[in-house]
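To start, the structure under review is shown below, and the notes come after it.
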Amino acid sequence: MFIRNYLKEINQVKQSAKNFLLIGIFVASIIIVVNGCSTTHEIVSKWKSDDLVIDGDYSDWQNKLEFIEDEDASVGFQNDKDYLYLCLIVNEPFKAIQMLRAGFIVWFIPDDESKIIGLKFPLGISNIGFDRRERINFEKNDERGNLKKIIERLFEREKNFEIVDKSKYPLWMYPLENDKGIKIKISEKSNKLVYELQVPISKEQENGFHVPAAIGKNLKITFETLELEFPSDRRENMGNIPQGGFQRPSGGMRRNMPAFTRIEPLNFSVRVTLEKSNY
């Protein structure tokens, strides 16, 4: 009798432990799902001001920018009946450097997701004619801190941008100076990266290209920093070095060796409502 009760108690303990484990796995799964879903910020576009110029200077975006705390970046939107204008300011230099080196896509996603297109610029150092030696030299020299110099060096080669589909397959490649109504300007101001963009939204544009957006409607815009593509021979020698985020000193020093913390790439989404004219 004693043995039978003892075995029964053991089975109950095992079942309780199993149930506890299942509950733990379920709770952990929920936490992962919740944390894995990025927040989509809601922003209302402003009607275009008369003094707006796509020139890499954000002084004409005063009081029109929303701060995205998780990304340490600010973004703003303006529009008229023909164009959508955006300004992205990246405060964290290492995030900005990731964008420039690896490549960057601005995605335009309508509510019904019927036509998703992306504008890829910069293309990244793997796609603009840097051979193996030039890539290594680029990484060894001044890319780790001088944002202005990095932009200058990249734009000696960056002369084009791409329009890509949702699988990132390039549909068209256009020069930065084009007749499609698309204007892009990247600059450095006070060690911040300023990204300004103008894209057509009107279907009546003579050039036939437009972003799937409409006045008074919503448009989801996603900013995506791509993964840096290393040459195959160099990738084999990378060991376990992570290819995603940059690292920077976290402030601690031990035997003259800095401690490092990972800087995640800039990736976030906003849902923009295009402003109707007040006139």
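The chains in the structure tokens are called A, B, ... from first to last as shown; in each chain the residues are counted from 1, and the ligands are counted from 1 in the order shown.
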Residue contacts of range 177-187 of chain A (6 Å, only C-alpha atoms) excluding same-chain residues fewer than 5 positions away, as a short mmCIF file (atom, residue, chain, number, x, y, z; two decimals) with C-alpha atoms, in the first residue's frame:
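The new file selection16.cif reads:
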data_model
loop_
_atom_site.label_atom_id
_atom_site.label_comp_id
_atom_site.auth_asym_id
_atom_site.auth_seq_id
_atom_site.Cartn_x
_atom_site.Cartn_y
_atom_site.Cartn_z
CA ASP A 55 18.74 69.24 -50.33
CA GLY A 56 19.84 67.28 -47.25
CA LEU A 193 22.59 61.30 -41.10
CA VAL A 194 19.89 63.21 -42.96
CA TYR A 195 17.94 61.29 -45.61
CA GLU A 196 15.45 63.26 -47.73
CA LEU A 197 13.26 61.75 -50.41
CA GLN A 198 10.63 62.90 -52.92
CA VAL A 199 8.50 60.34 -54.77
CA ASN A 207 6.69 59.52 -66.63
#
**Request:** Enumerate as an NGL selection string all residues of range 41-187 of chain A assigned to helix (DSSP H, G or I) by DSSP on the backbone, naming them with the chain letters and numbers the document uses.
**Result:** :A and (58-61 or 69-71 or 93-102 or 125-127 or 132-140 or 147-154)
Would you export the selected residues with N, CA and C atoms as a short mmCIF file (atom, residue, chain, number, x, y, z; two decimals), in the first residue's frame, please?
data_model
loop_
_atom_site.label_atom_id
_atom_site.label_comp_id
_atom_site.auth_asym_id
_atom_site.auth_seq_id
_atom_site.Cartn_x
_atom_site.Cartn_y
_atom_site.Cartn_z
N TYR A 58 17.69 69.75 -43.02
CA TYR A 58 16.38 69.54 -42.40
C TYR A 58 15.82 70.78 -41.70
N SER A 59 16.41 71.94 -41.95
CA SER A 59 15.90 73.16 -41.32
C SER A 59 14.48 73.48 -41.75
N ASP A 60 14.07 73.03 -42.95
CA ASP A 60 12.71 73.27 -43.41
C ASP A 60 11.74 72.18 -42.94
N TRP A 61 12.19 71.34 -41.99
CA TRP A 61 11.32 70.32 -41.40
C TRP A 61 11.02 70.61 -39.93
N GLU A 69 11.73 56.83 -30.50
CA GLU A 69 12.66 56.63 -29.39
C GLU A 69 13.45 55.33 -29.53
N ASP A 70 12.77 54.25 -29.89
CA ASP A 70 13.44 52.95 -29.96
C ASP A 70 14.57 52.93 -30.98
N GLU A 71 14.48 53.78 -31.99
CA GLU A 71 15.48 53.79 -33.06
C GLU A 71 16.44 54.98 -32.93
N PRO A 93 25.34 57.47 -35.06
CA PRO A 93 26.25 57.35 -36.21
C PRO A 93 26.47 55.92 -36.68
N PHE A 94 26.52 54.96 -35.75
CA PHE A 94 26.78 53.58 -36.15
C PHE A 94 25.60 53.00 -36.92
N LYS A 95 24.38 53.37 -36.56
CA LYS A 95 23.22 52.95 -37.35
C LYS A 95 23.31 53.54 -38.76
N ALA A 96 23.71 54.80 -38.84
CA ALA A 96 23.84 55.46 -40.13
C ALA A 96 24.90 54.78 -41.00
N ILE A 97 26.01 54.41 -40.38
CA ILE A 97 27.09 53.75 -41.12
C ILE A 97 26.63 52.39 -41.64
N GLN A 98 25.83 51.68 -40.85
CA GLN A 98 25.27 50.41 -41.32
C GLN A 98 24.44 50.63 -42.58
N MET A 99 23.60 51.66 -42.57
CA MET A 99 22.77 51.96 -43.72
C MET A 99 23.61 52.19 -44.97
N LEU A 100 24.68 52.95 -44.81
CA LEU A 100 25.51 53.32 -45.95
C LEU A 100 26.30 52.13 -46.48
N ARG A 101 26.81 51.31 -45.60
CA ARG A 101 27.65 50.19 -46.01
C ARG A 101 26.84 49.02 -46.56
N ALA A 102 25.74 48.69 -45.86
CA ALA A 102 25.01 47.48 -46.21
C ALA A 102 23.91 47.73 -47.24
N ILE A 125 28.03 48.80 -50.28
CA ILE A 125 29.36 48.75 -50.90
C ILE A 125 29.55 47.48 -51.72
N SER A 126 28.74 46.45 -51.50
CA SER A 126 28.88 45.22 -52.29
C SER A 126 28.28 45.36 -53.68
N ASN A 127 27.53 46.44 -53.91
CA ASN A 127 26.80 46.57 -55.17
C ASN A 127 27.19 47.79 -56.00
N ARG A 132 37.51 43.60 -53.95
CA ARG A 132 37.86 43.08 -52.63
C ARG A 132 38.83 44.00 -51.90
N ARG A 133 39.86 44.46 -52.58
CA ARG A 133 40.86 45.31 -51.94
C ARG A 133 40.23 46.64 -51.50
N GLU A 134 39.38 47.21 -52.34
CA GLU A 134 38.75 48.49 -52.00
C GLU A 134 37.83 48.35 -50.80
N ARG A 135 37.12 47.22 -50.70
CA ARG A 135 36.24 47.01 -49.56
C ARG A 135 37.04 46.94 -48.27
N ILE A 136 38.15 46.19 -48.31
CA ILE A 136 38.99 46.06 -47.11
C ILE A 136 39.57 47.41 -46.72
N ASN A 137 40.07 48.16 -47.70
CA ASN A 137 40.62 49.49 -47.41
C ASN A 137 39.56 50.42 -46.85
N PHE A 138 38.35 50.32 -47.41
CA PHE A 138 37.25 51.16 -46.94
C PHE A 138 36.97 50.89 -45.46
N GLU A 139 36.98 49.62 -45.08
CA GLU A 139 36.66 49.25 -43.71
C GLU A 139 37.79 49.58 -42.76
N LYS A 140 39.04 49.63 -43.25
CA LYS A 140 40.17 49.89 -42.37
C LYS A 140 40.38 51.38 -42.12
N LEU A 147 31.35 60.26 -40.22
CA LEU A 147 30.19 60.02 -41.07
C LEU A 147 30.23 60.85 -42.35
N LYS A 148 30.66 62.08 -42.23
CA LYS A 148 30.72 62.96 -43.39
C LYS A 148 31.67 62.41 -44.45
N LYS A 149 32.82 61.92 -44.01
CA LYS A 149 33.81 61.39 -44.95
C LYS A 149 33.32 60.10 -45.60
N ILE A 150 32.60 59.29 -44.83
CA ILE A 150 32.05 58.05 -45.39
C ILE A 150 31.07 58.38 -46.51
N ILE A 151 30.20 59.35 -46.28
CA ILE A 151 29.22 59.74 -47.29
C ILE A 151 29.93 60.24 -48.54
N GLU A 152 30.95 61.05 -48.36
CA GLU A 152 31.71 61.57 -49.50
C GLU A 152 32.34 60.44 -50.30
N ARG A 153 32.94 59.48 -49.61
CA ARG A 153 33.62 58.38 -50.31
C ARG A 153 32.63 57.48 -51.04
N LEU A 154 31.50 57.20 -50.40
CA LEU A 154 30.51 56.34 -51.05
C LEU A 154 29.90 57.00 -52.27
#
When you look at range 214-216 of chain A with a cut-off of 6 Å (counting only C-alpha atoms), what residues show up, excluding the ones that are within fewer than 6 positions of it in the same chain? I need them as a PDB file with N, CA and C atoms, in the first residue's frame.
ATOM      1  N   LEU A 274      -1.951  60.592 -45.615  1.00  0.00           N
ATOM      2  CA  LEU A 274      -1.611  61.717 -46.471  1.00  0.00           C
ATOM      3  C   LEU A 274      -2.631  62.841 -46.305  1.00  0.00           C
ATOM      4  N   GLU A 275      -2.118  64.021 -46.048  1.00  0.00           N
ATOM      5  CA  GLU A 275      -2.928  65.182 -45.763  1.00  0.00           C
ATOM      6  C   GLU A 275      -3.697  65.654 -47.001  1.00  0.00           C
ATOM      7  N   LYS A 276      -4.935  66.079 -46.793  1.00  0.00           N
ATOM      8  CA  LYS A 276      -5.712  66.711 -47.854  1.00  0.00           C
ATOM      9  C   LYS A 276      -5.418  68.215 -47.863  1.00  0.00           C
TER      10      LYS A 276
END
**Request:** Go ahead and compute the interatomic distance for CA of Phe104 in chain A and CA of Glu42 in chain A, in Å to one decimal.
**Result:** 21.6 Å
**All residues 10 Å or closer to Val211 in chain A, only C-alpha atoms, same chain fewer than 4 positions away omitted, as a list in words** =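 Neighbouring residues, sequence-local ones excluded: Tyr83, Leu84, Trp107, Phe108, Ile109, Pro110, Lys115, Ile116, Ile117, Gly118, Leu119, Val199, Pro200, Ile201, Ser202, Lys203 and Leu219 of chain A.
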Save the residues we just selected, C-alpha atoms, as an mmCIF file, in the first residue's frame?
data_model
loop_
_atom_site.group_PDB
_atom_site.id
_atom_site.type_symbol
_atom_site.label_atom_id
_atom_site.label_comp_id
_atom_site.auth_asym_id
_atom_site.auth_seq_id
_atom_site.Cartn_x
_atom_site.Cartn_y
_atom_site.Cartn_z
ATOM 1 C CA TYR A 83 4.338 64.010 -54.434
ATOM 2 C CA LEU A 84 5.186 62.519 -51.054
ATOM 3 C CA TRP A 107 9.192 50.275 -48.549
ATOM 4 C CA PHE A 108 5.825 51.690 -49.655
ATOM 5 C CA ILE A 109 2.962 49.374 -48.661
ATOM 6 C CA PRO A 110 -0.722 50.220 -49.335
ATOM 7 C CA LYS A 115 1.425 46.686 -54.875
ATOM 8 C CA ILE A 116 4.447 46.724 -52.600
ATOM 9 C CA ILE A 117 7.486 48.523 -53.942
ATOM 10 C CA GLY A 118 10.740 49.598 -52.395
ATOM 11 C CA LEU A 119 13.279 52.274 -53.171
ATOM 12 C CA VAL A 199 8.496 60.336 -54.766
ATOM 13 C CA PRO A 200 5.486 60.745 -57.087
ATOM 14 C CA ILE A 201 2.071 59.617 -55.825
ATOM 15 C CA SER A 202 -0.066 60.893 -58.694
ATOM 16 C CA LYS A 203 -1.118 58.432 -61.386
ATOM 17 C CA LEU A 219 0.265 54.193 -46.493
#
